[in-house]
>>> print(open('protein_10.csv').read())   # CSV, C-alpha atoms
chain,number,residue,atom,x,y,z
A,1,MET,CA,22.7,85.2,167.7
A,2,VAL,CA,26.5,85.6,168.0
A,3,LEU,CA,26.0,87.0,171.5
A,4,SER,CA,23.7,84.1,172.5
A,5,SER,CA,26.4,81.7,171.4
A,6,LYS,CA,29.1,83.4,173.4
A,7,ILE,CA,26.9,83.4,176.5
A,8,ALA,CA,26.1,79.7,176.1
A,9,ALA,CA,29.8,79.0,175.6
A,10,ILE,CA,30.7,80.9,178.7
A,11,GLY,CA,28.0,79.1,180.7
A,12,LEU,CA,29.3,75.7,179.5
A,13,ALA,CA,32.9,76.7,180.5
A,14,ILE,CA,31.7,77.7,184.0
A,15,VAL,CA,29.9,74.4,184.5
A,16,THR,CA,32.9,72.5,183.2
A,17,ILE,CA,35.2,74.3,185.6
A,18,ALA,CA,32.8,73.8,188.5
A,19,LEU,CA,32.6,70.1,187.9
A,20,GLY,CA,36.3,69.8,187.6
A,21,ALA,CA,36.8,71.5,190.9
A,22,PHE,CA,35.2,68.6,192.8
A,23,PRO,CA,36.0,64.9,192.8
A,24,THR,CA,33.5,62.7,191.1
A,25,THR,CA,31.4,60.5,193.3
A,26,ASP,CA,33.4,57.5,192.2
A,27,ALA,CA,36.7,59.1,193.1
A,28,ALA,CA,35.4,60.4,196.4
A,29,ALA,CA,33.9,57.0,197.4
A,30,ALA,CA,37.0,54.8,196.9
A,31,LEU,CA,40.6,54.1,197.7
A,32,ILE,CA,42.7,52.4,195.1
A,33,ASP,CA,45.7,50.2,196.0
A,34,SER,CA,48.5,51.8,194.1
A,35,ALA,CA,50.3,48.5,193.8
A,36,THR,CA,47.5,46.5,192.1
A,37,LYS,CA,45.1,49.3,191.0
A,38,ILE,CA,42.3,47.4,192.8
A,39,LYS,CA,39.6,49.7,194.1
A,40,PHE,CA,37.8,49.6,197.4
A,41,ASP,CA,34.6,51.5,198.0
A,42,ASP,CA,34.7,53.9,200.9
A,43,ASP,CA,31.7,52.3,202.7
A,44,LEU,CA,30.6,48.7,203.2
A,45,GLY,CA,27.3,48.2,204.9
A,46,GLY,CA,27.6,51.5,206.8
A,47,LEU,CA,31.2,50.8,207.9
A,48,PRO,CA,33.9,53.3,206.6
A,49,LEU,CA,37.1,52.2,204.9
A,50,PHE,CA,40.2,52.6,207.1
A,51,GLY,CA,42.9,51.7,204.6
A,52,VAL,CA,44.1,49.5,201.8
A,53,GLY,CA,47.4,47.7,200.9
A,54,VAL,CA,49.0,44.9,199.0
A,55,ARG,CA,50.0,41.5,200.3
A,56,LYS,CA,53.2,40.6,198.5
A,57,LYS,CA,55.1,37.3,198.4
A,58,GLY,CA,58.5,38.2,197.1
A,59,PRO,CA,57.8,40.1,193.9
A,60,ILE,CA,54.3,38.7,193.5
A,61,LYS,CA,51.4,41.0,194.4
A,62,VAL,CA,49.0,38.3,195.7
A,63,TYR,CA,46.0,40.4,196.8
A,64,SER,CA,44.9,43.8,198.1
A,65,VAL,CA,43.3,44.1,201.5
A,66,GLY,CA,40.9,46.7,202.7
A,67,MET,CA,39.5,47.1,206.2
A,68,TYR,CA,36.1,48.5,207.3
A,69,SER,CA,35.0,49.1,210.8
A,70,SER,CA,33.3,51.5,213.3
A,71,PRO,CA,32.9,55.1,212.1
A,72,THR,CA,33.3,56.2,215.8
A,73,VAL,CA,36.7,54.4,216.0
A,74,LYS,CA,37.8,56.0,212.7
A,75,SER,CA,36.8,59.5,213.9
A,76,SER,CA,38.6,59.0,217.2
A,77,LEU,CA,41.9,58.2,215.3
A,78,ALA,CA,42.0,61.7,213.8
A,79,SER,CA,43.3,63.1,217.1
A,80,VAL,CA,45.7,60.2,217.9
A,81,PRO,CA,49.4,60.6,217.1
A,82,LYS,CA,50.5,58.6,214.1
A,83,SER,CA,53.1,56.8,216.2
A,84,THR,CA,50.5,55.2,218.4
A,85,ALA,CA,47.5,55.0,216.0
A,86,LEU,CA,47.9,51.3,215.2
A,87,SER,CA,48.1,50.2,218.8
A,88,THR,CA,45.1,52.3,219.6
A,89,LEU,CA,43.2,50.9,216.7
A,90,ARG,CA,44.0,47.3,217.6
A,91,THR,CA,42.8,47.8,221.2
A,92,SER,CA,39.6,49.5,219.9
A,93,LEU,CA,38.7,46.8,217.5
A,94,GLN,CA,38.7,44.2,220.2
A,95,SER,CA,36.1,46.0,222.3
A,96,SER,CA,32.5,44.8,222.3
A,97,ASP,CA,31.5,48.4,221.5
A,98,VAL,CA,32.8,47.7,218.0
A,99,PRO,CA,30.4,45.0,216.7
A,100,LYS,CA,32.1,44.2,213.4
A,101,THR,CA,35.4,44.8,211.6
A,102,THR,CA,35.5,43.5,208.0
A,103,PHE,CA,38.6,42.6,206.0
A,104,LEU,CA,38.1,42.3,202.3
A,105,LEU,CA,40.8,40.4,200.4
A,106,LYS,CA,40.6,41.0,196.6
A,107,MET,CA,42.8,38.6,194.7
A,108,ASN,CA,45.3,39.9,192.2
A,109,PHE,CA,47.1,36.6,191.5
A,110,LYS,CA,45.9,33.1,191.2
A,111,VAL,CA,46.6,31.0,194.3
A,112,GLY,CA,45.4,27.4,194.8
A,113,ALA,CA,42.6,26.9,197.3
A,114,GLU,CA,44.7,24.8,199.6
A,115,LYS,CA,47.7,27.1,199.5
A,116,MET,CA,45.5,30.2,200.1
A,117,ALA,CA,43.7,28.6,203.0
A,118,SER,CA,46.9,27.4,204.6
A,119,ALA,CA,48.6,30.8,204.2
A,120,ILE,CA,45.9,32.6,206.1
A,121,ALA,CA,45.6,29.9,208.8
A,122,GLU,CA,49.4,30.0,209.3
A,123,GLY,CA,49.2,33.8,209.8
A,124,VAL,CA,46.4,33.4,212.4
A,125,LEU,CA,47.8,30.4,214.4
A,126,PRO,CA,50.7,32.1,216.2
A,127,ARG,CA,48.5,35.0,217.1
A,128,VAL,CA,45.9,32.9,219.0
A,129,ALA,CA,46.5,33.4,222.7
A,130,ALA,CA,44.2,30.7,224.1
A,131,ALA,CA,45.3,27.2,223.5
A,132,ALA,CA,41.6,26.1,223.4
A,133,ASN,CA,41.0,28.3,220.4
A,134,LYS,CA,43.9,26.9,218.3
A,135,GLY,CA,41.8,24.1,217.0
A,136,GLU,CA,39.5,26.7,215.4
A,137,VAL,CA,42.3,27.7,213.1
A,138,GLU,CA,41.7,24.4,211.3
A,139,THR,CA,38.0,25.4,211.1
A,140,LEU,CA,38.9,28.7,209.5
A,141,LYS,CA,41.2,26.9,207.0
A,142,LYS,CA,38.4,24.5,206.0
A,143,LEU,CA,36.0,27.4,205.5
A,144,ILE,CA,38.3,29.2,203.2
A,145,LEU,CA,39.0,26.0,201.3
A,146,ASP,CA,35.3,25.3,201.0
A,147,GLY,CA,34.7,28.8,199.7
A,148,CYS,CA,37.3,28.5,197.0
A,149,ALA,CA,36.4,24.8,196.1
A,150,THR,CA,34.1,25.6,193.2
A,151,LYS,CA,37.0,27.4,191.3
A,152,GLY,CA,39.7,25.2,192.8
A,153,ALA,CA,41.7,28.4,193.5
A,154,ALA,CA,41.5,31.9,194.6
A,155,THR,CA,41.6,33.4,191.2
A,156,PRO,CA,42.0,37.1,190.3
A,157,GLY,CA,38.8,38.9,191.1
A,158,THR,CA,37.8,36.5,193.9
A,159,VAL,CA,36.8,38.4,197.0
A,160,LEU,CA,37.3,36.8,200.4
A,161,GLN,CA,35.5,38.6,203.2
A,162,PHE,CA,36.2,38.1,206.8
A,163,ASP,CA,33.8,39.6,209.3
A,164,CYS,CA,35.5,39.8,212.7
A,165,LEU,CA,32.8,40.0,215.4
A,166,ALA,CA,34.3,41.2,218.7
A,167,GLU,CA,31.4,40.4,221.0
A,168,GLU,CA,31.2,36.8,219.8
A,169,ASP,CA,35.0,36.6,219.3
A,170,SER,CA,34.4,34.9,216.0
A,171,VAL,CA,35.3,35.3,212.3
A,172,LYS,CA,32.6,34.8,209.6
A,173,VAL,CA,33.9,33.7,206.2
A,174,ILE,CA,32.2,34.9,203.0
A,175,VAL,CA,33.6,34.2,199.5
A,176,ASP,CA,32.3,36.1,196.5
A,177,GLY,CA,29.2,37.1,198.5
A,178,LYS,CA,28.3,33.6,199.7
A,179,GLU,CA,28.5,33.0,203.5
A,180,ILE,CA,30.5,29.9,204.2
A,181,GLY,CA,30.6,29.6,208.0
A,182,VAL,CA,32.0,30.9,211.3
A,183,ALA,CA,35.3,30.1,213.2
A,184,GLU,CA,35.1,30.9,216.9
A,185,GLY,CA,37.6,32.5,219.2
A,186,LEU,CA,39.7,34.1,216.4
A,187,CYS,CA,38.6,37.7,216.1
A,188,GLY,CA,41.6,39.4,217.7
A,189,ALA,CA,44.1,37.1,216.1
A,190,PHE,CA,42.7,37.6,212.7
A,191,CYS,CA,42.8,41.4,213.1
A,192,ASP,CA,46.4,41.2,214.2
A,193,VAL,CA,47.4,39.3,211.0
A,194,PHE,CA,47.1,42.7,209.3
A,195,LEU,CA,47.5,45.2,212.1
A,196,ASP,CA,50.3,44.1,214.5
A,197,GLU,CA,54.0,45.0,214.1
A,198,LYS,CA,54.6,41.9,212.0
A,199,GLY,CA,51.4,42.4,209.9
A,200,VAL,CA,51.5,40.8,206.4
A,201,SER,CA,51.0,44.1,204.6
A,202,PRO,CA,53.1,47.0,205.7
A,203,ALA,CA,51.5,49.1,203.0
A,204,PHE,CA,48.1,48.4,204.6
A,205,ARG,CA,49.3,49.5,208.0
A,206,ASN,CA,50.7,52.7,206.6
A,207,SER,CA,47.5,53.4,204.6
A,208,CYS,CA,45.4,53.1,207.8
A,209,VAL,CA,47.6,55.6,209.6
A,210,GLU,CA,47.6,58.1,206.7
A,211,ASN,CA,43.9,57.8,205.9
A,212,CYS,CA,42.7,58.1,209.5
A,213,CYS,CA,45.1,60.4,211.3
A,214,SER,CA,45.1,64.1,210.8
>>> encode(input="protein_10.csv", output="structure tokens")
Amino acid sequence: MVLSSKIAAIGLAIVTIALGAFPTTDAAAALIDSATKIKFDDDLGGLPLFGVGVRKKGPIKVYSVGMYSSPTVKSSLASVPKSTALSTLRTSLQSSDVPKTTFLLKMNFKVGAEKMASAIAEGVLPRVAAAANKGEVETLKKLILDGCATKGAATPGTVLQFDCLAEEDSVKVIVDGKEIGVAEGLCGAFCDVFLDEKGVSPAFRNSCVENCCS
């Protein structure tokens, strides 16, 4: 009886050690923004997560952003030098071979609907190359405003999803899972809000490099 108990205890210890040696499914399937503790799943509709980071306004941590895109592009970055990874990524995401790139913005701080919509629109506008597409920035702003209208604000926990569709050169706006509409001609400009040298979240840019490059 004593021997059986010892064997059982040893077996339990082995199982415990084995389980502890590997990350849990939850841990392996997510990245957590260290600044806000907001979690992003490693996969969204078959698209892998590239990186996450906080958008700050002064000391205020406004939201965390995560980007999902082509698994082929993510794999290709593994062999790219870190110094050129972001420029390579920006070019790749504007190719018609990459059908969709999704930015998830998860709110950490309450921002009025008008202010939130204006802030994103103001980030996109100077990055729009074609004058003919600048009017679509107002469309984007209205879509964000409409998506947040029910609450009157982008409150903590609100999720704004922007699907950047390269082939159509458009951005689809989804708020808390509800599709709001599409703004045309803004795909590249929207991506650059987060990925170019003046991107609004340096932490996000760094995360993409560290998470994708070997």
>>> atom_distance(input="protein_10.csv", atom1="CA of Leu89 in chain A", atom2="CA of Lys106 in chain A")
22.6 Å
>>> closest_atom_pairs(input="protein_10.csv", of="range 131-172 of chain A", to="range 188-211 of chain A", cutoff="8 Å", atoms="only C-alpha atoms", output="Markdown table")
| residue | atom | partner | partner_atom | distance |
| --- | --- | --- | --- | --- |
| A:Cys164 | CA | A:Cys191 | CA | 7.5 |
| A:Ala166 | CA | A:Gly188 | CA | 7.6 |
| A:Asp169 | CA | A:Gly188 | CA | 7.3 |
| A:Val171 | CA | A:Phe190 | CA | 7.8 |
>>> residues_around(input="protein_10.csv", residues="Gly45 in chain A", least_positions_apart="2", cutoff="12 Å", atoms="only C-alpha atoms", output="JSON, numbers by chain")
{"A": [41, 42, 43, 47, 48, 49, 68, 69, 70, 71, 100, 101, 102, 163]}
>>> atom_distance(input="protein_10.csv", atom1="CA of Val175 in chain A", atom2="CA of Ala149 in chain A")
10.4 Å
>>> atom_distance(input="protein_10.csv", atom1="CA of Gly185 in chain A", atom2="CA of Glu168 in chain A")
7.7 Å
>>> closest_residue(input="protein_10.csv", among="A:Thr84, A:Leu104, A:Ser96, A:Asp176", to="Thr150 in chain A", atoms="only C-alpha atoms")
A:Asp176
>>> residues_around(input="protein_10.csv", residues="Glu167 in chain A", least_positions_apart="4", cutoff="10 Å", atoms="all atoms listed in the file", output="NGL selection string")
:A and (94-100 or 187)
>>> closest_residue(input="protein_10.csv", among="A:Lys110, A:Lys61, A:Lys74, A:Lys178", to="Asp146 in chain A", atoms="only C-alpha atoms")
A:Lys178
>>> closest_residue(input="protein_10.csv", among="A:Phe103, A:Leu143, A:Lys151, A:Val80", to="Ser214 in chain A", atoms="only C-alpha atoms")
A:Val80
>>> closest_residue(input="protein_10.csv", among="A:Leu77, A:Lys134, A:Lys141, A:Thr158", to="Val173 in chain A", atoms="all atoms listed in the file")
A:Lys141
>>> residues_around(input="protein_10.csv", residues="Gly66 in chain A", least_positions_apart="4", cutoff="7 Å", atoms="all atoms listed in the file", output="ChimeraX atom specification")
/A:40,51-53,103-105
>>> decode(input="protein_10.csv", residues="range 28-46 of chain A", atoms="N, CA, C and O atoms", output="PDB file, in the first residue's frame")
ATOM      1  N   ALA A  28       0.737  30.062 -25.293  1.00  0.00           N
ATOM      2  CA  ALA A  28       1.374  29.915 -26.599  1.00  0.00           C
ATOM      3  C   ALA A  28       0.594  30.625 -27.694  1.00  0.00           C
ATOM      4  O   ALA A  28       1.139  30.925 -28.744  1.00  0.00           O
ATOM      5  N   ALA A  29      -0.681  30.883 -27.446  1.00  0.00           N
ATOM      6  CA  ALA A  29      -1.554  31.400 -28.496  1.00  0.00           C
ATOM      7  C   ALA A  29      -1.772  32.897 -28.404  1.00  0.00           C
ATOM      8  O   ALA A  29      -2.659  33.426 -29.029  1.00  0.00           O
ATOM      9  N   ALA A  30      -0.976  33.598 -27.599  1.00  0.00           N
ATOM     10  CA  ALA A  30      -1.254  35.020 -27.413  1.00  0.00           C
ATOM     11  C   ALA A  30       0.022  35.808 -27.198  1.00  0.00           C
ATOM     12  O   ALA A  30       1.045  35.279 -26.780  1.00  0.00           O
ATOM     13  N   LEU A  31      -0.058  37.099 -27.543  1.00  0.00           N
ATOM     14  CA  LEU A  31       0.951  38.066 -27.136  1.00  0.00           C
ATOM     15  C   LEU A  31       0.231  39.065 -26.238  1.00  0.00           C
ATOM     16  O   LEU A  31      -0.918  39.424 -26.489  1.00  0.00           O
ATOM     17  N   ILE A  32       0.916  39.517 -25.218  1.00  0.00           N
ATOM     18  CA  ILE A  32       0.326  40.473 -24.291  1.00  0.00           C
ATOM     19  C   ILE A  32       1.109  41.776 -24.352  1.00  0.00           C
ATOM     20  O   ILE A  32       2.338  41.775 -24.246  1.00  0.00           O
ATOM     21  N   ASP A  33       0.397  42.867 -24.556  1.00  0.00           N
ATOM     22  CA  ASP A  33       1.027  44.178 -24.541  1.00  0.00           C
ATOM     23  C   ASP A  33       1.460  44.460 -23.102  1.00  0.00           C
ATOM     24  O   ASP A  33       0.625  44.585 -22.210  1.00  0.00           O
ATOM     25  N   SER A  34       2.750  44.561 -22.890  1.00  0.00           N
ATOM     26  CA  SER A  34       3.274  44.728 -21.531  1.00  0.00           C
ATOM     27  C   SER A  34       2.825  46.040 -20.890  1.00  0.00           C
ATOM     28  O   SER A  34       2.755  46.142 -19.666  1.00  0.00           O
ATOM     29  N   ALA A  35       2.514  47.040 -21.707  1.00  0.00           N
ATOM     30  CA  ALA A  35       2.130  48.340 -21.168  1.00  0.00           C
ATOM     31  C   ALA A  35       0.704  48.357 -20.614  1.00  0.00           C
ATOM     32  O   ALA A  35       0.417  49.056 -19.651  1.00  0.00           O
ATOM     33  N   THR A  36      -0.183  47.604 -21.252  1.00  0.00           N
ATOM     34  CA  THR A  36      -1.601  47.632 -20.861  1.00  0.00           C
ATOM     35  C   THR A  36      -2.105  46.297 -20.317  1.00  0.00           C
ATOM     36  O   THR A  36      -3.209  46.237 -19.777  1.00  0.00           O
ATOM     37  N   LYS A  37      -1.326  45.230 -20.515  1.00  0.00           N
ATOM     38  CA  LYS A  37      -1.715  43.858 -20.142  1.00  0.00           C
ATOM     39  C   LYS A  37      -2.884  43.352 -20.987  1.00  0.00           C
ATOM     40  O   LYS A  37      -3.580  42.403 -20.605  1.00  0.00           O
ATOM     41  N   ILE A  38      -3.099  43.967 -22.142  1.00  0.00           N
ATOM     42  CA  ILE A  38      -4.152  43.516 -23.056  1.00  0.00           C
ATOM     43  C   ILE A  38      -3.605  42.394 -23.929  1.00  0.00           C
ATOM     44  O   ILE A  38      -2.504  42.496 -24.469  1.00  0.00           O
ATOM     45  N   LYS A  39      -4.394  41.327 -24.056  1.00  0.00           N
ATOM     46  CA  LYS A  39      -3.954  40.132 -24.768  1.00  0.00           C
ATOM     47  C   LYS A  39      -4.487  40.102 -26.197  1.00  0.00           C
ATOM     48  O   LYS A  39      -5.616  40.498 -26.468  1.00  0.00           O
ATOM     49  N   PHE A  40      -3.657  39.597 -27.100  1.00  0.00           N
ATOM     50  CA  PHE A  40      -4.035  39.395 -28.499  1.00  0.00           C
ATOM     51  C   PHE A  40      -3.795  37.929 -28.856  1.00  0.00           C
ATOM     52  O   PHE A  40      -2.682  37.425 -28.663  1.00  0.00           O
ATOM     53  N   ASP A  41      -4.826  37.269 -29.367  1.00  0.00           N
ATOM     54  CA  ASP A  41      -4.658  35.888 -29.808  1.00  0.00           C
ATOM     55  C   ASP A  41      -3.651  35.821 -30.948  1.00  0.00           C
ATOM     56  O   ASP A  41      -3.496  36.773 -31.718  1.00  0.00           O
ATOM     57  N   ASP A  42      -2.992  34.690 -31.060  1.00  0.00           N
ATOM     58  CA  ASP A  42      -1.935  34.540 -32.058  1.00  0.00           C
ATOM     59  C   ASP A  42      -2.477  34.347 -33.475  1.00  0.00           C
ATOM     60  O   ASP A  42      -1.718  34.363 -34.435  1.00  0.00           O
ATOM     61  N   ASP A  43      -3.781  34.183 -33.603  1.00  0.00           N
ATOM     62  CA  ASP A  43      -4.383  33.913 -34.916  1.00  0.00           C
ATOM     63  C   ASP A  43      -5.738  34.603 -35.001  1.00  0.00           C
ATOM     64  O   ASP A  43      -6.501  34.619 -34.038  1.00  0.00           O
ATOM     65  N   LEU A  44      -6.010  35.186 -36.148  1.00  0.00           N
ATOM     66  CA  LEU A  44      -7.310  35.816 -36.381  1.00  0.00           C
ATOM     67  C   LEU A  44      -7.776  35.417 -37.773  1.00  0.00           C
ATOM     68  O   LEU A  44      -7.247  35.879 -38.780  1.00  0.00           O
ATOM     69  N   GLY A  45      -8.738  34.516 -37.839  1.00  0.00           N
ATOM     70  CA  GLY A  45      -9.263  34.070 -39.127  1.00  0.00           C
ATOM     71  C   GLY A  45      -8.206  33.457 -40.030  1.00  0.00           C
ATOM     72  O   GLY A  45      -8.246  33.632 -41.247  1.00  0.00           O
ATOM     73  N   GLY A  46      -7.242  32.771 -39.438  1.00  0.00           N
ATOM     74  CA  GLY A  46      -6.189  32.143 -40.229  1.00  0.00           C
ATOM     75  C   GLY A  46      -4.972  33.023 -40.465  1.00  0.00           C
ATOM     76  O   GLY A  46      -3.991  32.578 -41.060  1.00  0.00           O
TER      77      GLY A  46
END
